[in-house]
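Here's the structure, in structure tokens; my notes come after.
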Amino acid sequence: MLSFNRLMLISFAGAAMVPTLASSSTTALRPATPVAAALASSATVADADDVGTLAKVEPAIVAPAPAIDEASVECIAKVVRHEAANQPERGQLAVAQLIVMRTTVGDRFGRTPCAVVDQPGQFFDADAYNPDRHSPQWDRAVAAARDALGKVSPPVVPGALFYHAANSTPPRFFRSRARVGTLGDHIFYR
């Protein structure tokens, strides 16, 4: 467990810095977000033991976030909006992450989110579905899709590849699947 002997006060345009272990005996600061990295060039740090001394914080090199394919965002968002709009945020994210997880298991489901969504017998006809794109539900679905595609949040239901509504009798197929968990109105399986 990491412990810090001194309180570090950070001041610059509201961007956060987080302590990281530089070696076994020292700590360093790195920007918490890409925005913080951009602002770090004007950062100053005051050590609580010696408030009169200000030190310059060297900005860390932050890799740009990978580009997210907008078609993939839309495919996932349509499923989240249609099948999980009434679920809590974590439930919506779980459905989005499940679609992304399916792209990683070979050709069984498809190599892209849209191929997964369009696979016969898996979801509804997403191509024919045109939800209101000016609604809070759509905004939340898009946010869940972006989060899942960017792997921003840790997995909500790790390894889940299947799910069904909790209030329905599952087909025989689910008897041979390992149950990962229940979230909102959905039960998830490997």
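We name chains A, B, ... following the order of the structure tokens; residues begin at 1 in each chain, and ligands are numbered from 1 as shown.
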DSSP on the backbone, then: every residue of region 80-161 of chain A marked helix (DSSP H, G or I), written as JSON, numbers by chain.
{"A": [80, 81, 82, 83, 84, 89, 90, 91, 92, 93, 94, 95, 96, 97, 98, 99, 100, 101, 102, 113, 114, 115, 116, 117, 118, 126, 127, 128, 136, 137, 138, 139, 140, 141, 142, 143, 144, 145, 146, 147, 148, 149, 150]}
Since we have the selection now, will you write its residues out, keeping N, CA and C atoms, as a short mmCIF file (atom, residue, chain, number, x, y, z; two decimals), in the first residue's frame?
data_model
loop_
_atom_site.label_atom_id
_atom_site.label_comp_id
_atom_site.auth_asym_id
_atom_site.auth_seq_id
_atom_site.Cartn_x
_atom_site.Cartn_y
_atom_site.Cartn_z
N VAL A 80 -27.99 -0.41 -26.37
CA VAL A 80 -28.13 0.07 -25.00
C VAL A 80 -29.45 0.82 -24.84
N ARG A 81 -29.76 1.69 -25.78
CA ARG A 81 -31.01 2.47 -25.71
C ARG A 81 -32.23 1.56 -25.78
N HIS A 82 -32.21 0.58 -26.66
CA HIS A 82 -33.37 -0.29 -26.86
C HIS A 82 -33.53 -1.32 -25.74
N GLU A 83 -32.43 -1.90 -25.29
CA GLU A 83 -32.52 -3.01 -24.35
C GLU A 83 -32.20 -2.67 -22.90
N ALA A 84 -31.61 -1.49 -22.65
CA ALA A 84 -31.21 -1.19 -21.27
C ALA A 84 -31.49 0.26 -20.86
N GLU A 89 -27.09 3.22 -14.69
CA GLU A 89 -25.91 3.49 -15.53
C GLU A 89 -25.00 2.27 -15.65
N ARG A 90 -24.76 1.59 -14.53
CA ARG A 90 -23.89 0.40 -14.56
C ARG A 90 -24.50 -0.72 -15.41
N GLY A 91 -25.82 -0.84 -15.41
CA GLY A 91 -26.50 -1.83 -16.23
C GLY A 91 -26.35 -1.52 -17.71
N GLN A 92 -26.44 -0.25 -18.05
CA GLN A 92 -26.24 0.16 -19.45
C GLN A 92 -24.80 -0.09 -19.88
N LEU A 93 -23.86 0.25 -19.00
CA LEU A 93 -22.45 0.02 -19.31
C LEU A 93 -22.17 -1.47 -19.46
N ALA A 94 -22.80 -2.30 -18.64
CA ALA A 94 -22.59 -3.75 -18.73
C ALA A 94 -23.00 -4.28 -20.10
N VAL A 95 -24.13 -3.81 -20.63
CA VAL A 95 -24.58 -4.24 -21.95
C VAL A 95 -23.59 -3.77 -23.02
N ALA A 96 -23.14 -2.53 -22.91
CA ALA A 96 -22.17 -2.00 -23.87
C ALA A 96 -20.85 -2.78 -23.80
N GLN A 97 -20.38 -3.07 -22.59
CA GLN A 97 -19.14 -3.83 -22.44
C GLN A 97 -19.27 -5.25 -22.97
N LEU A 98 -20.44 -5.85 -22.82
CA LEU A 98 -20.68 -7.19 -23.33
C LEU A 98 -20.50 -7.21 -24.85
N ILE A 99 -21.02 -6.21 -25.55
CA ILE A 99 -20.86 -6.14 -27.00
C ILE A 99 -19.39 -6.03 -27.37
N VAL A 100 -18.66 -5.17 -26.67
CA VAL A 100 -17.23 -5.02 -26.94
C VAL A 100 -16.50 -6.32 -26.62
N MET A 101 -16.85 -6.98 -25.53
CA MET A 101 -16.22 -8.25 -25.16
C MET A 101 -16.41 -9.29 -26.26
N ARG A 102 -17.57 -9.31 -26.87
CA ARG A 102 -17.82 -10.28 -27.94
C ARG A 102 -16.89 -10.08 -29.14
N PRO A 113 -18.09 -4.09 -33.28
CA PRO A 113 -19.36 -3.97 -32.56
C PRO A 113 -20.58 -4.06 -33.48
N CYS A 114 -20.50 -3.47 -34.66
CA CYS A 114 -21.65 -3.52 -35.57
C CYS A 114 -21.89 -4.94 -36.06
N ALA A 115 -20.82 -5.71 -36.30
CA ALA A 115 -20.99 -7.11 -36.71
C ALA A 115 -21.63 -7.92 -35.58
N VAL A 116 -21.27 -7.62 -34.34
CA VAL A 116 -21.88 -8.29 -33.19
C VAL A 116 -23.36 -7.95 -33.11
N VAL A 117 -23.67 -6.68 -33.22
CA VAL A 117 -25.06 -6.22 -33.10
C VAL A 117 -25.92 -6.76 -34.24
N ASP A 118 -25.36 -6.85 -35.43
CA ASP A 118 -26.12 -7.28 -36.61
C ASP A 118 -26.18 -8.80 -36.78
N ALA A 126 -31.16 -3.62 -35.51
CA ALA A 126 -30.64 -2.30 -35.14
C ALA A 126 -30.62 -1.33 -36.31
N ASP A 127 -30.47 -1.85 -37.54
CA ASP A 127 -30.46 -0.97 -38.70
C ASP A 127 -31.80 -0.27 -38.90
N ALA A 128 -32.89 -0.94 -38.53
CA ALA A 128 -34.22 -0.36 -38.70
C ALA A 128 -34.64 0.49 -37.50
N PRO A 136 -32.31 12.46 -23.31
CA PRO A 136 -31.34 12.06 -22.29
C PRO A 136 -31.01 10.57 -22.35
N GLN A 137 -31.98 9.74 -22.73
CA GLN A 137 -31.73 8.31 -22.83
C GLN A 137 -30.69 8.01 -23.91
N TRP A 138 -30.78 8.72 -25.03
CA TRP A 138 -29.80 8.52 -26.10
C TRP A 138 -28.42 8.99 -25.64
N ASP A 139 -28.38 10.14 -24.98
CA ASP A 139 -27.11 10.66 -24.49
C ASP A 139 -26.44 9.67 -23.54
N ARG A 140 -27.23 9.06 -22.64
CA ARG A 140 -26.67 8.06 -21.72
C ARG A 140 -26.20 6.82 -22.47
N ALA A 141 -26.94 6.41 -23.49
CA ALA A 141 -26.55 5.23 -24.27
C ALA A 141 -25.24 5.50 -25.01
N VAL A 142 -25.10 6.68 -25.58
CA VAL A 142 -23.86 7.05 -26.27
C VAL A 142 -22.70 7.10 -25.28
N ALA A 143 -22.94 7.66 -24.10
CA ALA A 143 -21.88 7.72 -23.08
C ALA A 143 -21.44 6.31 -22.68
N ALA A 144 -22.38 5.39 -22.52
CA ALA A 144 -22.03 4.01 -22.17
C ALA A 144 -21.23 3.36 -23.30
N ALA A 145 -21.64 3.62 -24.54
CA ALA A 145 -20.92 3.05 -25.69
C ALA A 145 -19.49 3.57 -25.75
N ARG A 146 -19.31 4.87 -25.58
CA ARG A 146 -17.97 5.45 -25.61
C ARG A 146 -17.11 4.91 -24.47
N ASP A 147 -17.69 4.79 -23.30
CA ASP A 147 -16.97 4.25 -22.14
C ASP A 147 -16.51 2.83 -22.44
N ALA A 148 -17.40 2.01 -22.97
CA ALA A 148 -17.04 0.62 -23.25
C ALA A 148 -15.98 0.52 -24.34
N LEU A 149 -16.14 1.28 -25.41
CA LEU A 149 -15.18 1.23 -26.51
C LEU A 149 -13.80 1.75 -26.09
N GLY A 150 -13.79 2.79 -25.25
CA GLY A 150 -12.53 3.35 -24.78
C GLY A 150 -11.96 2.63 -23.58
#
Fewer than 4 positions away in the same chain doesn't count, so skip those; otherwise give me all residues within 12 Å of region 163-169 of chain A, counting only C-alpha atoms, as JSON, numbers by chain.
{"A": [83, 84, 86, 87, 91, 94, 95, 96, 97, 98, 99, 122, 123, 157, 159, 173, 174, 175, 177, 178, 179, 180, 181, 182, 183, 184, 185, 186, 187, 188, 189, 190]}
Notebook entry, point to check: What does the distance between CA of Lys78 (chain A) and CA of Phe124 (chain A) come to in Å, to one decimal place?
Noted result: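 Distance reported for this atom pair: 9.7 Å.
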**Prompt:** So how far away is CA of Pro131 (chain A) from CA of Asp69 (chain A), in Å?
**Reply:**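 Interatomic distance here is 19.4 Å.
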Just list as a list in words whatever in region 85-189 of chain A DSSP marks as strand (DSSP E).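 Everything in region 85-189 of chain A that counts as strand (DSSP E) is Phe162, Tyr163, His164, Ala165, Arg179, Val180, Gly181, Thr182, Leu183, His186, Ile187, Phe188 and Tyr189 of chain A.
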Can you write just those residues out, C-alpha atoms, as a short mmCIF file (atom, residue, chain, number, x, y, z; two decimals), in the first residue's frame?
data_model
loop_
_atom_site.label_atom_id
_atom_site.label_comp_id
_atom_site.auth_asym_id
_atom_site.auth_seq_id
_atom_site.Cartn_x
_atom_site.Cartn_y
_atom_site.Cartn_z
CA PHE A 162 -24.60 -13.34 -22.85
CA TYR A 163 -27.52 -11.90 -20.94
CA HIS A 164 -31.27 -12.12 -20.73
CA ALA A 165 -34.06 -10.28 -18.95
CA ARG A 179 -23.62 -16.95 -14.30
CA VAL A 180 -21.53 -13.79 -13.87
CA GLY A 181 -24.11 -11.70 -12.06
CA THR A 182 -27.40 -9.85 -12.01
CA LEU A 183 -27.55 -6.15 -12.63
CA HIS A 186 -30.58 -8.43 -16.61
CA ILE A 187 -28.73 -11.63 -15.74
CA PHE A 188 -25.27 -11.99 -17.28
CA TYR A 189 -23.39 -15.17 -18.22
#
Inset, instruction - Quote the spacing between CA of Arg111 (chain A) and CA of His134 (chain A) in Å to one decimal place. - result: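 It comes out at 29.4 Å.
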